[in-house]
Protein chains: 2
Amino acid sequence: MISKPELSIPEPTLRRLPRYYNYLKELLKVGREIVSCTHIGKDLDLDPPQIRKDLAFTGIRGVPKVGYQVEVLLKSIEDFFGWNNIDEAFLVGAGNMGRALIGYQGFSRYGFKIIAAFDNAPEIIGQTINGVEVLPLSKIKSLCKRMNVKIGVIATPAHAAQEVAEMMIAGGIRGIWNFAPAEIRAPEGVIVQNENLATGLAVLCKKLQMLQQSGKFRQEVEK
Amino acid sequence: MISKPELSIPEPTLRRLPRYYNYLKELLKVGREIVSCTHIGKDLDLDPPQIRKDLAFTGIRGVPKVGYQVEVLLKSIEDFFGWNNIDEAFLVGAGNMGRALIGYQGFSRYGFKIIAAFDNAPEIIGQTINGVEVLPLSKIKSLCKRMNVKIGVIATPAHAAQEVAEMMIAGGIRGIWNFAPAEIRAPEGVIVQNENLATGLAVLCKKLQMLQQSGKFRQEVEK
DNA sequence: GTGTAATCGAGAAAAATTTATCGATAAAAA
DNA sequence: TTTTTATCGATAAATTTTTCTCGATTACAC
Ligand SMILES: NC(=O)c1ccc[n+]([C@@H]2O[C@H](COP(=O)([O-])OP(=O)(O)OC[C@H]3O[C@@H](n4cnc5c(N)ncnc54)[C@H](O)[C@@H]3O)[C@@H](O)[C@H]2O)c1
Ligand SMILES: NC(=O)c1ccc[n+]([C@@H]2O[C@H](COP(=O)([O-])OP(=O)(O)OC[C@H]3O[C@@H](n4cnc5c(N)ncnc54)[C@H](O)[C@@H]3O)[C@@H](O)[C@H]2O)c1
C-alpha cells in the first residue's frame, strides 16, 4: 500500500498543533509522563475528540484508558513538522520588529533560524544583532542562491514589501513570512504567510465591544 | 422590530475585514473612488460573494453594476470596529517585542494606543520608549483602575504571563492581547487573544514541506 | 428608449470543520 | 476473575463557512 503524501491537513489543525506542543513541553517540565485528550481538553478548553483527531494527523496512536506518552507525543509532532532539521531563513528590514525576530531564541524550538538580515539603510548595514549580520539588500539574491535559503521574512514597511518579495523569489525563496500589512503577489509555488498583527487586535477589540453591548442589552431587557 | 446586538459574526469574517481595510486604504491612495467585489476579489484572491457577505456585516449596501464607494466603505468598516474612539492599553514586558509594539505607529489606524508600559527589571523601569514611560509592574493594578484601562498587552516571557494577566484582571482589564506562548486562564467575561507567531511559522514551514513532497511525489509518478 | 453587461443581495447548495455517538480496549477495583 | 470506568478510534451528525445560483438593479452603448 502506498503511503500517500498527505496533502489535505485542515489548516485549523495545523494551527492548533503548535499550541499542543507548547502545552506538552510545559507538562514535561512539570514531570508529567502521560496525558489524555480529556486532560488536554480541560486545560486548553477544547473538545477531546477534536484533539484526538488533530493528534492523529501526526500519526500517533493512543492507548485506551491511558492516553498518550507526553514524550512520544512531542516527538510525533516534531517529526510531523520536521522540526529536527533546521530551516535557515533570511530577514529583510532590521527595524524594531525585525530586531525582535532576529533576537528571539524561541523559534529554535520550531527548527527555524534567521541566519542573516538585510536592509537598505546605510546606518543599519554592517551592524550585528545577536550574532546576525545586517547586509545590504542588494546582496540578497546571490546569497539566497549560494546558501540555498528557501525561507524569507519581510519586516520592512508595507510599501517595500512587494519589491523585497520579488528579490527573494528571484533568489529562489519559496516561503515568505510577511509582517508588513501589504498584499504580496507571488507566482504559484511560492507560499506567502501573512502575519498581520492588526487582525488579532481587531478581533480582540470587536469581541470586547460585542461583550459590552450584549451586557448593556441584557441590562436593558432586565429593566 | 428590535435591532438585536449582532453577537454572531463569523470569526473568519472578522479576520478578513482588517485586510479589506488595508487594501481599500491603498486604493484610496492611488485615487480610486469606486470598487466592486469582483475587483477586490481579483486583487485579494478571494471569491466575490464572500467579500460581499463580509462587507454586508458592516452594514453597507452596494450599488449593482457599480460596487461600493471606497471612502464610504472604509468609514463603514471603521464604524463597525469602532476605530474612531481610541482604546487605550497598557503593555507589560518592555523587551524586544514590547518595544516594537510600543514604537509602532500603525496601530493608531485601528483606534489602539499603548499609553504606558510596565516591567519588573530595575534597569528598564524609568525608561521612556517613544514617549511611553516604563513603570514598575507593582503599579499596574491601581493605574488600571484610576485610568479605566480595559486592554492589556502581555509581552513578558511565558512563565510570567499568568501572573501578569491576573494583575491586569484585578485592575479591571477585560481584554488581553497575549504574545507569550502560554495558556492564560481567565474568568468568564475576560477575553484573551493569543498572538502566537510560531503558529504562522509552523503553518508556513509545513505547507512548504508538503509542497516539496508533492513535487517529489509527482516526479516519481512521472518516471 | 431598448438592449446588453456587470454587479448586487438573498438564499440554496456544497464543503469543511467541529461536535457527538458508539463499540472496543485496557487499567483498576471489587 | 469479573465488573466498572476511562479513554481510544472510527464514524455519524451538526454546525459553520464557503461557494454557487438566480432574479433584480443600474450604467452604458446603440
Ligand atoms: N513594530 C510593530 O510592532 C509592528 C506591528 C505590526 C506590523 N508591523 C510591520 O512590520 C514592518 C516593520 O515594522 P517596524 O516597526 O520594524 O518598522 P521600522 O521602521 O522600525 O523598520 C523597518 C526597517 O526596514 C528597513 N527598510 C525600509 N525600506 C526598505 C527596503 N526597501 N529594503 C530593505 N529594508 C528596508 C528600514 O531601514 C528599517 O530598518 C512594517 O511593515 C510594519 O507595518 C510592525
Ligand atoms: N521577540 C520575538 O520576536 C518574539 C516572537 C514570538 C513570541 N515572543 C514572545 O514575546 C514575549 C517577549 O519576548 P521578547 O523577545 O520581547 O523577550 P525579552 O526578554 O526581550 O523581554 C521580556 C521583558 O519582560 C520583562 N519581564 C520578565 N518577567 C517579568 C515580569 N514578571 N513582570 C514584568 N516584566 C517582566 C523583562 O524584564 C523584559 O523586559 C515572550 O513571551 C516571547 O516568547 C517574542
# chains A, B, ... in the order shown; residues from 1 in each chain; ligands from 1

$ residues_near_ligand --ligand "ligand 2" --cutoff "9 Å" --atoms "only C-alpha atoms (C1' of nucleotides) and all ligand atoms" --output "tab-separated table (two decimals) with C-alpha atoms, in the first residue's frame"
chain	number	residue	atom	x	y	z
A	97	MET	CA	10.11	44.22	14.53
A	98	GLY	CA	12.98	42.74	12.58
A	99	ARG	CA	15.33	43.02	15.55
A	100	ALA	CA	12.81	41.40	17.86
A	101	LEU	CA	12.52	38.47	15.46
A	102	ILE	CA	16.28	38.18	14.97
A	103	GLY	CA	16.92	38.23	18.71
A	104	TYR	CA	14.21	35.74	19.58
A	105	GLN	CA	15.57	32.38	20.69
A	106	GLY	CA	12.15	30.75	20.89
A	107	PHE	CA	12.00	29.88	17.18
B	92	VAL	CA	3.72	44.61	30.28
B	93	GLY	CA	7.22	43.45	29.34
B	94	ALA	CA	9.23	46.15	27.63
B	95	GLY	CA	11.70	43.76	25.99
B	96	ASN	CA	12.36	43.37	22.29
B	97	MET	CA	8.83	42.55	21.30
B	98	GLY	CA	7.32	45.02	23.76
B	99	ARG	CA	9.44	47.85	22.40
B	100	ALA	CA	8.48	47.04	18.84
B	118	PHE	CA	5.31	48.08	32.85
B	119	ASP	CA	8.26	45.86	33.67
B	120	ASN	CA	9.94	44.37	36.68
B	121	ALA	CA	13.56	44.84	35.64
B	122	PRO	CA	15.06	47.82	37.53
B	123	GLU	CA	17.26	48.82	34.59
B	124	ILE	CA	14.24	49.14	32.34
B	125	ILE	CA	11.88	50.89	34.73
B	136	PRO	CA	7.14	49.30	37.87
B	137	LEU	CA	4.76	46.40	37.48
B	138	SER	CA	3.53	46.83	41.04
B	154	ILE	CA	1.45	40.84	27.55
B	155	ALA	CA	4.99	40.73	26.13
B	156	THR	CA	6.78	39.08	29.03
B	157	PRO	CA	8.37	35.63	28.98
B	158	ALA	CA	5.82	32.82	29.10
B	159	HIS	CA	6.43	31.92	32.74
B	160	ALA	CA	5.31	35.37	33.87
B	161	ALA	CA	2.22	35.57	31.68
B	163	GLU	CA	0.74	36.21	36.95
B	164	VAL	CA	0.74	39.37	34.85
B	178	ASN	CA	-1.05	37.91	24.70
B	179	PHE	CA	2.24	37.50	22.84
B	180	ALA	CA	3.72	34.98	25.26
B	181	PRO	CA	3.45	31.32	24.25
B	182	ALA	CA	1.48	30.47	27.36
B	195	GLU	CA	-0.87	36.11	19.21
B	196	ASN	CA	1.34	33.11	18.80
B	197	LEU	CA	3.75	33.90	16.00
B	198	ALA	CA	5.12	30.37	15.99

$ closest_atom_pairs --of "chain A" --to "chain C" --cutoff "10 Å" --atoms "only C-alpha atoms (C1' of nucleotides)" --output "JSON lines"
{"residue": "A:Pro10", "atom": "CA", "partner": "C:DT17", "partner_atom": "C1'", "distance": 8.2}
{"residue": "A:Pro12", "atom": "CA", "partner": "C:DT17", "partner_atom": "C1'", "distance": 8.5}
{"residue": "A:Thr13", "atom": "CA", "partner": "C:DT17", "partner_atom": "C1'", "distance": 9.7}
{"residue": "A:Asp47", "atom": "CA", "partner": "C:DT19", "partner_atom": "C1'", "distance": 7.9}
{"residue": "A:Pro48", "atom": "CA", "partner": "C:DT19", "partner_atom": "C1'", "distance": 9.8}
{"residue": "A:Pro49", "atom": "CA", "partner": "C:DT19", "partner_atom": "C1'", "distance": 7.9}
{"residue": "A:Gln50", "atom": "CA", "partner": "C:DT18", "partner_atom": "C1'", "distance": 7.3}
{"residue": "A:Val63", "atom": "CA", "partner": "C:DA26", "partner_atom": "C1'", "distance": 7.7}
{"residue": "A:Pro64", "atom": "CA", "partner": "C:DA26", "partner_atom": "C1'", "distance": 5.9}
{"residue": "A:Lys65", "atom": "CA", "partner": "C:DA26", "partner_atom": "C1'", "distance": 6.0}
{"residue": "A:Val66", "atom": "CA", "partner": "C:DA27", "partner_atom": "C1'", "distance": 7.8}

$ write_last_selection --atoms "N, CA, C and O atoms" --output "PDB file, in the first residue's frame"
ATOM      1  N   PRO A  10      -6.315  19.907   7.585  1.00  0.00           N
ATOM      2  CA  PRO A  10      -7.054  21.151   7.820  1.00  0.00           C
ATOM      3  C   PRO A  10      -6.144  22.205   8.442  1.00  0.00           C
ATOM      4  O   PRO A  10      -5.377  21.898   9.356  1.00  0.00           O
ATOM      5  N   PRO A  12      -6.905  24.664  10.437  1.00  0.00           N
ATOM      6  CA  PRO A  12      -7.119  24.832  11.877  1.00  0.00           C
ATOM      7  C   PRO A  12      -6.322  23.806  12.691  1.00  0.00           C
ATOM      8  O   PRO A  12      -5.797  24.135  13.750  1.00  0.00           O
ATOM      9  N   THR A  13      -6.264  22.596  12.187  1.00  0.00           N
ATOM     10  CA  THR A  13      -5.465  21.569  12.864  1.00  0.00           C
ATOM     11  C   THR A  13      -4.004  21.987  12.918  1.00  0.00           C
ATOM     12  O   THR A  13      -3.363  21.942  13.979  1.00  0.00           O
ATOM     13  N   ASP A  47     -12.422  20.478  22.739  1.00  0.00           N
ATOM     14  CA  ASP A  47     -13.117  19.204  22.866  1.00  0.00           C
ATOM     15  C   ASP A  47     -12.164  18.035  22.637  1.00  0.00           C
ATOM     16  O   ASP A  47     -11.424  18.017  21.657  1.00  0.00           O
ATOM     17  N   PRO A  48     -12.211  17.033  23.524  1.00  0.00           N
ATOM     18  CA  PRO A  48     -11.323  15.875  23.391  1.00  0.00           C
ATOM     19  C   PRO A  48     -11.348  15.218  22.007  1.00  0.00           C
ATOM     20  O   PRO A  48     -10.273  14.916  21.472  1.00  0.00           O
ATOM     21  N   PRO A  49     -12.502  14.984  21.393  1.00  0.00           N
ATOM     22  CA  PRO A  49     -12.477  14.328  20.084  1.00  0.00           C
ATOM     23  C   PRO A  49     -11.689  15.128  19.044  1.00  0.00           C
ATOM     24  O   PRO A  49     -11.047  14.564  18.179  1.00  0.00           O
ATOM     25  N   GLN A  50     -11.784  16.426  19.143  1.00  0.00           N
ATOM     26  CA  GLN A  50     -11.047  17.256  18.202  1.00  0.00           C
ATOM     27  C   GLN A  50      -9.544  17.111  18.419  1.00  0.00           C
ATOM     28  O   GLN A  50      -8.772  16.981  17.465  1.00  0.00           O
ATOM     29  N   VAL A  63      -3.454   5.003  23.759  1.00  0.00           N
ATOM     30  CA  VAL A  63      -3.868   3.757  24.406  1.00  0.00           C
ATOM     31  C   VAL A  63      -5.130   4.030  25.228  1.00  0.00           C
ATOM     32  O   VAL A  63      -5.137   4.950  26.048  1.00  0.00           O
ATOM     33  N   PRO A  64      -6.185   3.253  24.978  1.00  0.00           N
ATOM     34  CA  PRO A  64      -7.429   3.477  25.724  1.00  0.00           C
ATOM     35  C   PRO A  64      -7.200   3.413  27.226  1.00  0.00           C
ATOM     36  O   PRO A  64      -6.353   2.657  27.686  1.00  0.00           O
ATOM     37  N   LYS A  65      -7.958   4.185  27.904  1.00  0.00           N
ATOM     38  CA  LYS A  65      -7.927   4.297  29.365  1.00  0.00           C
ATOM     39  C   LYS A  65      -6.670   5.024  29.854  1.00  0.00           C
ATOM     40  O   LYS A  65      -6.616   5.484  30.999  1.00  0.00           O
ATOM     41  N   VAL A  66      -5.663   5.153  29.008  1.00  0.00           N
ATOM     42  CA  VAL A  66      -4.401   5.755  29.436  1.00  0.00           C
ATOM     43  C   VAL A  66      -4.184   7.115  28.791  1.00  0.00           C
ATOM     44  O   VAL A  66      -4.106   8.139  29.461  1.00  0.00           O
TER      45      VAL A  66
END

$ atom_distance --atom1 "atom CA of Gly175 of chain B" --atom2 "atom CA of Ile140 of chain B"
14.9 Å

$ closest_residue --among "B:Gly215, B:Gly126, B:Gly172, B:Gly62" --to "chain D" --atoms "only C-alpha atoms (C1' of nucleotides)"
B:Gly62

$ residues_around --residues "Ser36 of chain B" --least-positions-apart "3" --cutoff "7 Å" --atoms "only C-alpha atoms (C1' of nucleotides)" --output "list of chain:residue names"
B:His39, B:Ile40, B:Val66, B:Gly67, B:Tyr68

$ select_by_dssp --residues "segment 57-219 of chain B" --states "strand (DSSP E or B)" --output "number ranges by chain"
B: 63, 67-69, 87-92, 112-119, 128-129, 132-136, 151-154, 175-178, 191-194

$ closest_residue --among "A:Glu26, A:Ile184, A:Arg61, A:Val132" --to "chain D" --atoms "only C-alpha atoms (C1' of nucleotides)"
A:Arg61

$ atom_distance --atom1 "atom CA of Glu33 of chain B" --atom2 "atom CA of Ile60 of chain B"
15.7 Å

$ atom_distance --atom1 "atom CA of Ile114 of chain B" --atom2 "atom CA of Ser8 of chain B"
28.6 Å

$ residues_around --residues "Arg19 of chain B" --least-positions-apart "4" --cutoff "8 Å" --atoms "only C-alpha atoms (C1' of nucleotides)" --output "PyMOL selection string"
(chain A and resi 199) or (chain B and resi 15+23)

$ interface_residues --of "chain D" --to "chain B" --cutoff "12 Å" --atoms "only C-alpha atoms (C1' of nucleotides)" --output "list of chain:residue names"
D:DT16, D:DT17, D:DT18, D:DT19, D:DC20, D:DT21, D:DA24, D:DT25, D:DT26, D:DA27, D:DC28

$ closest_residue --among "B:Leu28, B:Ile51, B:Val153, B:Leu17" --to "ligand 1" --atoms "only C-alpha atoms and all ligand atoms"
B:Val153

$ select_by_dssp --residues "segment 14-177 of chain A" --states "alpha helix (DSSP H)" --output "ChimeraX atom specification"
/A:14-30,37-44,48-56,70-81,96-103,140-147,158-170

$ write_last_selection --atoms "C-alpha atoms" --output "tab-separated table (two decimals), in the first residue's frame"
chain	number	residue	atom	x	y	z
A	14	LEU	CA	-2.12	22.88	11.69
A	15	ARG	CA	-2.62	25.95	13.84
A	16	ARG	CA	-3.61	24.00	16.93
A	17	LEU	CA	-0.70	21.57	16.81
A	18	PRO	CA	1.99	24.06	17.86
A	19	ARG	CA	-0.26	25.02	20.73
A	20	TYR	CA	-0.46	21.42	21.90
A	21	TYR	CA	3.29	21.26	21.52
A	22	ASN	CA	3.94	24.21	23.81
A	23	TYR	CA	1.48	22.87	26.30
A	24	LEU	CA	3.04	19.40	26.27
A	25	LYS	CA	6.52	20.88	26.77
A	26	GLU	CA	5.20	22.52	29.92
A	27	LEU	CA	3.69	19.22	31.08
A	28	LEU	CA	7.04	17.55	30.60
A	29	LYS	CA	8.72	20.26	32.66
A	30	VAL	CA	6.29	19.57	35.48
A	37	CYS	CA	-7.20	14.12	25.47
A	38	THR	CA	-9.72	14.72	28.22
A	39	HIS	CA	-6.99	16.26	30.32
A	40	ILE	CA	-5.59	18.38	27.50
A	41	GLY	CA	-9.10	19.47	26.65
A	42	LYS	CA	-9.69	20.73	30.16
A	43	ASP	CA	-6.50	22.81	30.16
A	44	LEU	CA	-6.81	24.16	26.64
A	48	PRO	CA	-11.32	15.88	23.39
A	49	PRO	CA	-12.48	14.33	20.08
A	50	GLN	CA	-11.05	17.26	18.20
A	51	ILE	CA	-7.72	16.96	19.97
A	52	ARG	CA	-7.66	13.24	19.21
A	53	LYS	CA	-8.31	13.93	15.55
A	54	ASP	CA	-5.65	16.62	15.43
A	55	LEU	CA	-3.05	14.42	17.06
A	56	ALA	CA	-3.93	11.50	14.79
A	70	VAL	CA	3.96	13.01	26.56
A	71	GLU	CA	7.47	12.47	25.23
A	72	VAL	CA	6.34	10.28	22.37
A	73	LEU	CA	3.64	12.77	21.51
A	74	LEU	CA	6.11	15.64	21.43
A	75	LYS	CA	8.38	13.64	19.17
A	76	SER	CA	5.45	12.82	16.92
A	77	ILE	CA	4.61	16.49	16.48
A	78	GLU	CA	8.26	17.38	15.91
A	79	ASP	CA	8.57	14.77	13.21
A	80	PHE	CA	5.32	15.81	11.63
A	81	PHE	CA	6.53	19.38	11.21
A	96	ASN	CA	12.07	47.28	15.54
A	97	MET	CA	10.11	44.22	14.53
A	98	GLY	CA	12.98	42.74	12.58
A	99	ARG	CA	15.33	43.02	15.55
A	100	ALA	CA	12.81	41.40	17.86
A	101	LEU	CA	12.52	38.47	15.46
A	102	ILE	CA	16.28	38.18	14.97
A	103	GLY	CA	16.92	38.23	18.71
A	140	ILE	CA	20.16	39.01	-1.09
A	141	LYS	CA	19.57	37.34	-4.43
A	142	SER	CA	23.05	35.95	-4.88
A	143	LEU	CA	23.33	34.90	-1.23
A	144	CYS	CA	20.00	33.12	-1.35
A	145	LYS	CA	21.22	31.09	-4.27
A	146	ARG	CA	24.65	30.44	-2.82
A	147	MET	CA	23.35	29.35	0.58
A	158	ALA	CA	4.49	47.91	3.60
A	159	HIS	CA	5.49	49.94	0.56
A	160	ALA	CA	8.72	47.97	0.18
A	161	ALA	CA	7.21	44.53	0.69
A	162	GLN	CA	6.39	43.62	-2.90
A	163	GLU	CA	9.79	44.66	-4.17
A	164	VAL	CA	11.57	42.75	-1.43
A	165	ALA	CA	9.44	39.69	-2.06
A	166	GLU	CA	10.38	39.74	-5.72
A	167	MET	CA	14.07	39.87	-4.89
A	168	MET	CA	13.63	36.94	-2.53
A	169	ILE	CA	11.77	34.92	-5.12
A	170	ALA	CA	14.40	35.73	-7.71

$ closest_residue --among "B:Ile34, B:Lys139, B:Ala116, B:Ile129" --to "chain A" --atoms "only C-alpha atoms"
B:Ile129

$ decode --residues "segment 1-27 of chain C" --atoms "N, CA, C and O atoms (P, O5', C5', C4', C3', O3' and C1' of nucleotides)" --output "short mmCIF file (atom, residue, chain, number, x, y, z; two decimals), in the first residue's frame"
data_model
loop_
_atom_site.label_atom_id
_atom_site.label_comp_id
_atom_site.auth_asym_id
_atom_site.auth_seq_id
_atom_site.Cartn_x
_atom_site.Cartn_y
_atom_site.Cartn_z
P DG C 1 -37.84 58.22 -24.90
"O5'" DG C 1 -37.43 57.06 -23.80
"C5'" DG C 1 -38.23 55.96 -23.64
"C4'" DG C 1 -38.15 55.05 -24.87
"C3'" DG C 1 -38.07 53.57 -24.55
"O3'" DG C 1 -38.60 52.83 -25.64
"C1'" DG C 1 -35.99 54.27 -25.48
P DT C 2 -39.11 51.30 -25.39
"O5'" DT C 2 -37.77 50.50 -25.68
"C5'" DT C 2 -37.26 50.44 -27.02
"C4'" DT C 2 -36.06 49.53 -27.06
"C3'" DT C 2 -36.15 48.27 -26.18
"O3'" DT C 2 -35.80 47.15 -26.97
"C1'" DT C 2 -34.17 49.46 -25.70
P DG C 3 -35.64 45.68 -26.36
"O5'" DG C 3 -34.07 45.49 -26.33
"C5'" DG C 3 -33.31 45.76 -27.52
"C4'" DG C 3 -31.83 45.54 -27.23
"C3'" DG C 3 -31.52 44.21 -26.53
"O3'" DG C 3 -30.30 43.71 -27.08
"C1'" DG C 3 -30.78 46.01 -25.19
P DT C 4 -29.74 42.28 -26.69
"O5'" DT C 4 -28.47 42.65 -25.84
"C5'" DT C 4 -27.49 43.55 -26.37
"C4'" DT C 4 -26.44 43.82 -25.31
"C3'" DT C 4 -25.99 42.59 -24.53
"O3'" DT C 4 -24.57 42.56 -24.53
"C1'" DT C 4 -26.61 44.31 -23.04
P DA C 5 -23.79 41.27 -23.97
"O5'" DA C 5 -23.04 41.89 -22.71
"C5'" DA C 5 -22.42 43.17 -22.80
"C4'" DA C 5 -22.08 43.65 -21.41
"C3'" DA C 5 -21.52 42.56 -20.49
"O3'" DA C 5 -20.46 43.11 -19.75
"C1'" DA C 5 -23.42 43.52 -19.49
P DA C 6 -19.46 42.19 -18.93
"O5'" DA C 6 -19.52 42.87 -17.50
"C5'" DA C 6 -19.40 44.30 -17.40
"C4'" DA C 6 -19.93 44.71 -16.05
"C3'" DA C 6 -19.41 43.88 -14.88
"O3'" DA C 6 -18.90 44.78 -13.92
"C1'" DA C 6 -21.78 43.98 -14.83
P DT C 7 -18.08 44.29 -12.66
"O5'" DT C 7 -19.18 44.22 -11.53
"C5'" DT C 7 -19.79 45.42 -11.08
"C4'" DT C 7 -20.99 45.08 -10.27
"C3'" DT C 7 -20.73 44.13 -9.09
"O3'" DT C 7 -20.75 44.89 -7.89
"C1'" DT C 7 -22.79 43.70 -10.19
P DC C 8 -20.54 44.18 -6.50
"O5'" DC C 8 -22.00 44.23 -5.88
"C5'" DC C 8 -22.76 45.44 -6.00
"C4'" DC C 8 -24.21 45.15 -5.65
"C3'" DC C 8 -24.36 44.33 -4.38
"O3'" DC C 8 -25.05 45.07 -3.39
"C1'" DC C 8 -25.61 43.36 -6.18
P DG C 9 -25.05 44.49 -1.89
"O5'" DG C 9 -26.35 43.58 -1.86
"C5'" DG C 9 -27.62 44.16 -2.14
"C4'" DG C 9 -28.69 43.11 -1.92
"C3'" DG C 9 -28.58 42.35 -0.61
"O3'" DG C 9 -29.87 42.25 -0.05
"C1'" DG C 9 -28.44 40.82 -2.44
P DA C 10 -30.15 41.54 1.32
"O5'" DA C 10 -30.76 40.14 0.89
"C5'" DA C 10 -31.68 40.07 -0.21
"C4'" DA C 10 -32.04 38.63 -0.45
"C3'" DA C 10 -32.01 37.75 0.80
"O3'" DA C 10 -33.12 36.89 0.77
"C1'" DA C 10 -30.56 36.86 -0.83
P DG C 11 -33.47 35.93 2.03
"O5'" DG C 11 -33.41 34.48 1.40
"C5'" DG C 11 -33.86 34.28 0.04
"C4'" DG C 11 -33.18 33.06 -0.51
"C3'" DG C 11 -33.09 31.89 0.48
"O3'" DG C 11 -33.40 30.70 -0.22
"C1'" DG C 11 -30.99 32.33 -0.40
P DA C 12 -33.56 29.32 0.57
"O5'" DA C 12 -32.83 28.31 -0.41
"C5'" DA C 12 -32.90 28.52 -1.83
"C4'" DA C 12 -31.82 27.69 -2.49
"C3'" DA C 12 -31.66 26.29 -1.90
"O3'" DA C 12 -31.44 25.39 -2.97
"C1'" DA C 12 -29.61 27.47 -1.69
P DA C 13 -31.14 23.87 -2.67
"O5'" DA C 13 -29.57 23.77 -2.83
"C5'" DA C 13 -28.96 24.21 -4.04
"C4'" DA C 13 -27.48 23.89 -3.99
"C3'" DA C 13 -27.13 22.48 -3.52
"O3'" DA C 13 -26.21 21.97 -4.45
"C1'" DA C 13 -26.00 24.08 -2.18
P DA C 14 -25.47 20.57 -4.19
"O5'" DA C 14 -24.12 21.05 -3.53
"C5'" DA C 14 -23.27 21.95 -4.25
"C4'" DA C 14 -22.00 22.16 -3.46
"C3'" DA C 14 -21.31 20.88 -3.01
"O3'" DA C 14 -19.96 20.99 -3.43
"C1'" DA C 14 -21.60 22.33 -1.16
P DA C 15 -18.91 19.81 -3.11
"O5'" DA C 15 -18.13 20.44 -1.88
"C5'" DA C 15 -17.51 21.72 -2.02
"C4'" DA C 15 -16.91 22.10 -0.68
"C3'" DA C 15 -16.04 21.02 -0.06
"O3'" DA C 15 -14.78 21.61 0.20
"C1'" DA C 15 -17.62 21.83 1.52
P DA C 16 -13.58 20.73 0.78
"O5'" DA C 16 -13.53 21.29 2.26
"C5'" DA C 16 -13.54 22.70 2.48
"C4'" DA C 16 -13.76 22.96 3.94
"C3'" DA C 16 -12.84 22.18 4.87
"O3'" DA C 16 -12.20 23.13 5.70
"C1'" DA C 16 -15.10 21.99 5.57
P DT C 17 -11.05 22.74 6.71
"O5'" DT C 17 -11.89 22.65 8.06
"C5'" DT C 17 -12.62 23.79 8.49
"C4'" DT C 17 -13.47 23.42 9.68
"C3'" DT C 17 -12.71 22.64 10.77
"O3'" DT C 17 -12.65 23.50 11.90
"C1'" DT C 17 -14.88 21.73 10.36
P DT C 18 -12.07 22.96 13.28
"O5'" DT C 18 -13.43 22.56 14.02
"C5'" DT C 18 -14.45 23.54 14.15
"C4'" DT C 18 -15.66 22.92 14.80
"C3'" DT C 18 -15.41 22.32 16.19
"O3'" DT C 18 -16.42 22.83 17.03
"C1'" DT C 18 -16.49 20.73 14.80
P DT C 19 -16.41 22.51 18.61
"O5'" DT C 19 -17.44 21.29 18.71
"C5'" DT C 19 -18.80 21.55 18.40
"C4'" DT C 19 -19.56 20.24 18.46
"C3'" DT C 19 -19.43 19.49 19.79
"O3'" DT C 19 -20.74 19.32 20.29
"C1'" DT C 19 -19.13 18.03 17.94
P DA C 20 -21.01 18.46 21.60
"O5'" DA C 20 -21.49 17.07 21.01
"C5'" DA C 20 -22.60 17.05 20.11
"C4'" DA C 20 -22.91 15.62 19.74
"C3'" DA C 20 -23.02 14.64 20.91
"O3'" DA C 20 -24.21 13.89 20.71
"C1'" DA C 20 -21.45 13.83 19.32
P DT C 21 -24.60 12.77 21.81
"O5'" DT C 21 -24.18 11.43 21.04
"C5'" DT C 21 -24.62 11.23 19.70
"C4'" DT C 21 -24.14 9.87 19.22
"C3'" DT C 21 -24.25 8.75 20.26
"O3'" DT C 21 -24.86 7.64 19.62
"C1'" DT C 21 -22.05 8.84 19.41
P DC C 22 -25.38 6.38 20.50
"O5'" DC C 22 -24.27 5.28 20.15
"C5'" DC C 22 -23.85 5.08 18.79
"C4'" DC C 22 -22.74 4.07 18.77
"C3'" DC C 22 -22.80 3.06 19.93
"O3'" DC C 22 -22.45 1.78 19.46
"C1'" DC C 22 -20.73 4.14 19.93
P DG C 23 -22.96 0.49 20.30
"O5'" DG C 23 -21.80 -0.54 19.96
"C5'" DG C 23 -21.33 -0.70 18.61
"C4'" DG C 23 -19.85 -0.94 18.64
"C3'" DG C 23 -19.43 -2.10 19.57
"O3'" DG C 23 -18.42 -2.85 18.91
"C1'" DG C 23 -18.30 -0.14 20.21
P DA C 24 -17.65 -4.02 19.65
"O5'" DA C 24 -16.26 -3.33 19.98
"C5'" DA C 24 -15.46 -2.79 18.91
"C4'" DA C 24 -14.08 -2.49 19.45
"C3'" DA C 24 -13.46 -3.61 20.28
"O3'" DA C 24 -12.07 -3.66 19.99
"C1'" DA C 24 -13.65 -1.67 21.61
P DT C 25 -11.13 -4.75 20.62
"O5'" DT C 25 -10.38 -3.94 21.74
"C5'" DT C 25 -9.56 -2.83 21.38
"C4'" DT C 25 -9.00 -2.21 22.64
"C3'" DT C 25 -8.36 -3.21 23.60
"O3'" DT C 25 -7.09 -2.69 23.95
"C1'" DT C 25 -9.87 -1.84 24.75
P DA C 26 -5.90 -3.68 24.34
"O5'" DA C 26 -5.52 -3.08 25.74
"C5'" DA C 26 -5.17 -1.70 25.83
"C4'" DA C 26 -5.48 -1.20 27.21
"C3'" DA C 26 -4.89 -2.06 28.34
"O3'" DA C 26 -4.16 -1.20 29.19
"C1'" DA C 26 -7.16 -1.62 28.75
P DA C 27 -3.08 -1.76 30.15
"O5'" DA C 27 -3.59 -1.15 31.51
"C5'" DA C 27 -3.64 0.27 31.65
"C4'" DA C 27 -4.61 0.60 32.75
"C3'" DA C 27 -4.21 0.04 34.12
"O3'" DA C 27 -4.10 1.15 35.00
"C1'" DA C 27 -6.48 -0.45 33.63
#
